[in-house]
$ cat coords_12.cif   # mmCIF, C-alpha atoms and all ligand atoms
data_input
#
loop_
_atom_site.label_atom_id
_atom_site.label_comp_id
_atom_site.auth_asym_id
_atom_site.auth_seq_id
_atom_site.Cartn_x
_atom_site.Cartn_y
_atom_site.Cartn_z
CA MET N 1 -11.04 -19.93 -25.65
CA LYS N 2 -11.71 -16.27 -26.33
CA PHE N 3 -9.23 -13.42 -26.17
CA GLY N 4 -10.15 -9.87 -25.17
CA ALA N 5 -13.59 -8.30 -25.26
CA LYS N 6 -15.95 -7.87 -28.19
CA ASP N 7 -18.97 -7.12 -26.07
CA VAL N 8 -19.88 -6.30 -22.47
CA PHE N 9 -20.24 -10.03 -21.69
CA ASP N 10 -16.47 -10.36 -22.08
CA LEU N 11 -15.52 -7.51 -19.73
CA SER N 12 -14.71 -7.97 -16.04
CA TRP N 13 -17.32 -7.11 -13.42
CA LYS N 14 -15.02 -4.27 -12.36
CA SER N 15 -15.20 -2.68 -15.83
CA LEU N 16 -18.99 -3.05 -15.88
CA LEU N 17 -19.32 -1.49 -12.45
CA ASP N 18 -16.92 1.26 -13.57
CA ALA N 19 -19.29 2.10 -16.43
CA TYR N 20 -22.14 2.68 -13.98
CA SER N 21 -19.90 4.52 -11.47
CA CYS N 22 -18.56 7.09 -13.94
CA THR N 23 -19.59 10.59 -12.91
CA GLU N 24 -18.90 11.91 -16.44
CA CYS N 25 -16.69 14.61 -14.90
CA GLY N 26 -14.32 14.48 -17.89
CA ARG N 27 -11.05 14.69 -15.93
CA CYS N 28 -9.80 11.59 -17.76
CA SER N 29 -10.37 13.14 -21.18
CA THR N 30 -8.75 16.42 -20.11
CA ALA N 31 -5.60 14.50 -19.10
CA CYS N 32 -5.60 12.18 -22.13
CA PRO N 33 -2.72 13.02 -24.52
CA ALA N 34 -4.59 11.48 -27.46
CA ASN N 35 -7.60 13.71 -26.76
CA GLN N 36 -5.38 16.75 -26.20
CA THR N 37 -3.74 16.29 -29.60
CA GLY N 38 -7.03 16.12 -31.47
CA LYS N 39 -7.38 12.33 -31.82
CA LEU N 40 -10.85 10.82 -31.76
CA LEU N 41 -10.32 9.12 -28.36
CA SER N 42 -12.08 10.30 -25.20
CA PRO N 43 -11.80 7.94 -22.19
CA ARG N 44 -14.96 9.54 -20.77
CA LYS N 45 -16.82 8.51 -23.91
CA ILE N 46 -15.45 4.95 -23.59
CA MET N 47 -17.15 4.69 -20.18
CA MET N 48 -20.41 6.23 -21.43
CA ASP N 49 -20.46 3.95 -24.51
CA THR N 50 -19.90 0.89 -22.32
CA ARG N 51 -22.81 1.92 -20.11
CA ASP N 52 -25.01 2.55 -23.19
CA ARG N 53 -24.26 -0.96 -24.46
CA LEU N 54 -24.94 -2.41 -20.99
CA GLU N 55 -28.30 -0.64 -20.93
CA ALA N 56 -29.19 -2.02 -24.37
CA VAL N 57 -28.20 -5.55 -23.33
CA GLY N 58 -30.21 -5.21 -20.09
CA LYS N 59 -33.34 -4.08 -21.98
CA ASN N 60 -32.85 -6.94 -24.46
CA ILE N 61 -32.71 -9.52 -21.64
CA LYS N 62 -35.72 -7.96 -19.91
CA ALA N 63 -37.80 -8.08 -23.10
CA ASN N 64 -36.81 -11.59 -24.21
CA GLY N 65 -36.13 -13.42 -20.94
CA GLU N 66 -32.59 -14.06 -22.19
CA PHE N 67 -30.19 -12.21 -24.46
CA LYS N 68 -31.24 -12.39 -28.11
CA ASP N 69 -28.55 -11.48 -30.63
CA ASP N 70 -29.19 -7.93 -31.81
CA GLY N 71 -26.35 -7.86 -34.34
CA LYS N 72 -24.50 -5.28 -32.28
CA ASN N 73 -21.60 -5.29 -29.82
CA LEU N 74 -19.26 -2.82 -28.12
CA LEU N 75 -17.69 -1.99 -31.49
CA SER N 76 -21.06 -0.60 -32.56
CA HIS N 77 -20.38 2.17 -30.01
CA ILE N 78 -16.57 2.42 -29.85
CA THR N 79 -14.65 2.63 -33.13
CA VAL N 80 -11.35 0.99 -34.04
CA GLU N 81 -9.90 4.46 -34.62
CA GLU N 82 -10.65 5.42 -31.01
CA LEU N 83 -9.10 2.22 -29.68
CA ARG N 84 -5.92 2.59 -31.71
CA ALA N 85 -5.44 6.22 -30.61
CA CYS N 86 -4.70 5.17 -27.01
CA THR N 87 -1.03 5.39 -25.99
CA THR N 88 -1.66 3.28 -22.81
CA CYS N 89 -0.10 6.12 -20.77
CA ASN N 90 -2.49 5.46 -17.82
CA ALA N 91 -3.16 9.19 -17.27
CA CYS N 92 -6.95 8.64 -17.39
CA VAL N 93 -6.71 6.05 -14.61
CA GLU N 94 -4.54 8.29 -12.43
CA GLU N 95 -6.81 11.32 -12.88
CA CYS N 96 -10.12 9.61 -12.17
CA PRO N 97 -11.52 10.66 -8.77
CA VAL N 98 -13.44 7.39 -8.37
CA SER N 99 -10.72 4.91 -9.45
CA ILE N 100 -12.23 3.98 -12.80
CA SER N 101 -10.07 2.46 -15.54
CA PRO N 102 -11.11 3.29 -19.12
CA LEU N 103 -7.77 1.74 -20.10
CA ASP N 104 -8.87 -1.78 -19.02
CA ILE N 105 -11.76 -1.65 -21.50
CA ILE N 106 -9.57 -0.23 -24.29
CA LEU N 107 -6.93 -2.94 -23.79
CA GLU N 108 -9.45 -5.79 -23.75
CA MET N 109 -11.12 -4.49 -26.91
CA ARG N 110 -7.76 -4.08 -28.65
CA ARG N 111 -6.81 -7.62 -27.57
CA ALA N 112 -9.96 -8.95 -29.27
CA LEU N 113 -9.26 -6.95 -32.43
CA ILE N 114 -5.75 -8.35 -32.77
CA MET N 115 -6.08 -11.88 -31.39
CA GLU N 116 -9.62 -12.76 -32.50
CA ASP N 117 -10.01 -10.78 -35.73
CA SER N 118 -6.37 -10.25 -36.84
CA ASN N 119 -7.47 -6.64 -37.26
CA ALA N 120 -4.22 -4.68 -37.23
CA PRO N 121 -2.63 -2.15 -39.60
CA GLN N 122 -0.23 -3.73 -42.13
CA GLU N 123 2.77 -2.12 -40.38
CA TRP N 124 1.88 -3.82 -37.09
CA ASN N 125 1.54 -7.22 -38.78
CA GLY N 126 5.11 -6.87 -40.05
CA MET N 127 6.29 -6.10 -36.52
CA PHE N 128 4.33 -9.04 -35.04
CA SER N 129 5.85 -11.45 -37.52
CA ASN N 130 9.36 -10.12 -36.83
CA ILE N 131 8.88 -10.55 -33.07
CA GLU N 132 7.64 -14.11 -33.67
CA ASN N 133 10.54 -15.06 -35.94
CA ASN N 134 13.41 -12.81 -34.86
CA PHE N 135 12.51 -12.07 -31.19
CA ALA N 136 12.70 -8.33 -31.94
CA PRO N 137 10.65 -5.88 -34.04
CA TRP N 138 13.39 -5.67 -36.68
CA LYS N 139 13.71 -7.71 -39.83
CA PHE N 140 17.07 -9.37 -39.26
CA SER N 141 18.25 -12.53 -37.60
CA PRO N 142 18.92 -12.42 -33.84
CA GLU N 143 22.35 -13.87 -34.64
CA ASP N 144 23.24 -10.65 -36.46
CA ARG N 145 22.13 -8.43 -33.61
CA ALA N 146 25.62 -7.57 -32.38
CA ASP N 147 27.00 -6.87 -35.88
CA TRP N 148 26.83 -3.13 -35.32
CA VAL N 149 29.77 -3.48 -32.87
CA LYS N 150 32.03 -4.67 -35.68
CA GLY N 151 31.13 -1.71 -37.93
S1 LIG E 1 -4.28 5.43 -21.30
FE1 LIG E 1 -5.17 5.89 -23.35
S2 LIG E 1 -7.22 6.71 -22.90
FE2 LIG E 1 -6.06 6.79 -20.98
S3 LIG E 1 -5.14 8.88 -20.94
FE3 LIG E 1 -3.61 7.52 -21.88
S4 LIG E 1 -3.99 7.66 -24.11
FE4 LIG E 1 -5.82 8.48 -23.07
S1 LIG E 2 -12.41 10.84 -14.67
FE1 LIG E 2 -13.46 8.94 -14.01
S2 LIG E 2 -15.49 9.61 -13.29
FE2 LIG E 2 -14.62 11.32 -14.51
S3 LIG E 2 -15.41 10.97 -16.60
FE3 LIG E 2 -13.42 9.95 -16.48
S4 LIG E 2 -13.85 7.82 -15.92
FE4 LIG E 2 -15.71 9.04 -15.47
#
$ encode --input "coords_12.cif" --output "structure tokens"
Amino acid sequence: MKFGAKDVFDLSWKSLLDAYSCTECGRCSTACPANQTGKLLSPRKIMMDTRDRLEAVGKNIKANGEFKDDGKNLLSHITVEELRACTTCNACVEECPVSISPLDIILEMRRALIMEDSNAPQEWNGMFSNIENNFAPWKFSPEDRADWVKG
């Protein structure tokens, strides 16, 4: 079983169709708080990168009769820094005039990073392990959770 998306093969047909439907108007990037605050992320670029990768895969299949591994994937176009900059606010989805969701692609790629590659910043790994063991992001036992009332 695979989690998330490393390449276009792992994305839903809706996300693939979205990539070809994008008008490149840029309304998503204008509304994106990460983009507005100078982060690397541009949801418009996410759609264009997905389409570029789709085009490369299509040419590969046409030339070889089937897909031959080219040593590349979606992460050859979209960087980890871009993916981590997303706040999942959904503004790009709400602003898009043709109902495209750059967020779906970002989430699937982040899912693959974390669940397939264990690729997360050290601080996140600490939080994940606390949630697993203590059922909360903090590093203390759930039995001590109400102790603050006594203080
Ligand atoms: S969901 Fe992510 S990409 Fe979309 S507007 Fe919000 S921060 Fe930007
Ligand atoms: S708002 Fe929609 S159509 Fe416009 S660039 Fe963004 S994803 Fe593409």
$ closest_residue --input "coords_12.cif" --among "N:Val8, N:Cys25, N:Leu74, N:Ala31" --to "ligand LIG 2 (chain E)" --atoms "only C-alpha atoms and all ligand atoms"
N:Cys25
$ residues_around --input "coords_12.cif" --residues "Asp10 (chain N)" --least-positions-apart "6" --cutoff "10 Å" --atoms "all atoms listed in the file" --output "ChimeraX atom specification"
/N:2-4,16,105,108-109,112
$ write_last_selection --input "coords_12.cif" --atoms "C-alpha atoms" --output "compact mmCIF listing (two decimals), keeping the file's coordinate frame"
# COMPACT_ATOMS: atom_id res chain seq x y z
CA LYS N 2 -11.71 -16.27 -26.33
CA PHE N 3 -9.23 -13.42 -26.17
CA GLY N 4 -10.15 -9.87 -25.17
CA LEU N 16 -18.99 -3.05 -15.88
CA ILE N 105 -11.76 -1.65 -21.50
CA GLU N 108 -9.45 -5.79 -23.75
CA MET N 109 -11.12 -4.49 -26.91
CA ALA N 112 -9.96 -8.95 -29.27
$ residues_near_ligand --input "coords_12.cif" --ligand "ligand LIG 1 (chain E)" --cutoff "12 Å" --atoms "only C-alpha atoms and all ligand atoms" --output "MDAnalysis selection string"
chainID N and resid 26:47 82:96 100:107 110
$ atom_distance --input "coords_12.cif" --atom1 "atom S2 of ligand LIG 2 (chain E)" --atom2 "CA of Pro97 (chain N)"
6.1 Å
$ closest_residue --input "coords_12.cif" --among "N:Asp7, N:Lys62, N:Lys150, N:Asn130" --to "Ser76 (chain N)" --atoms "only C-alpha atoms"
N:Asp7
$ residues_around --input "coords_12.cif" --residues "Tyr20 (chain N)" --least-positions-apart "6" --cutoff "9 Å" --atoms "only C-alpha atoms" --output "short mmCIF file (atom, residue, chain, number, x, y, z; two decimals) with C-alpha atoms, in the frame of the given file"
data_model
loop_
_atom_site.label_atom_id
_atom_site.label_comp_id
_atom_site.auth_asym_id
_atom_site.auth_seq_id
_atom_site.Cartn_x
_atom_site.Cartn_y
_atom_site.Cartn_z
CA MET N 47 -17.15 4.69 -20.18
CA MET N 48 -20.41 6.23 -21.43
CA THR N 50 -19.90 0.89 -22.32
CA ARG N 51 -22.81 1.92 -20.11
#
$ closest_residue --input "coords_12.cif" --among "N:Ser99, N:Asn60, N:Ser12, N:Asn73" --to "ligand LIG 2 (chain E)" --atoms "all atoms listed in the file"
N:Ser99
$ axis_aligned_box --input "coords_12.cif" --around "ligand LIG 2 (chain E)" --padding-each-side "3 Å" --output "lines of an AutoDock Vina configuration file"
center_x = -14.1
center_y = 9.6
center_z = -14.9
size_x = 9.3
size_y = 9.5
size_z = 9.3
$ closest_residue --input "coords_12.cif" --among "N:Pro142, N:Asn64, N:Cys22, N:Glu123" --to "ligand LIG 2 (chain E)" --atoms "all atoms listed in the file"
N:Cys22
$ atom_distance --input "coords_12.cif" --atom1 "CA of Ile78 (chain N)" --atom2 "CA of Asp49 (chain N)"
6.8 Å
$ atom_distance --input "coords_12.cif" --atom1 "CA of Val80 (chain N)" --atom2 "CA of Asn134 (chain N)"
28.4 Å
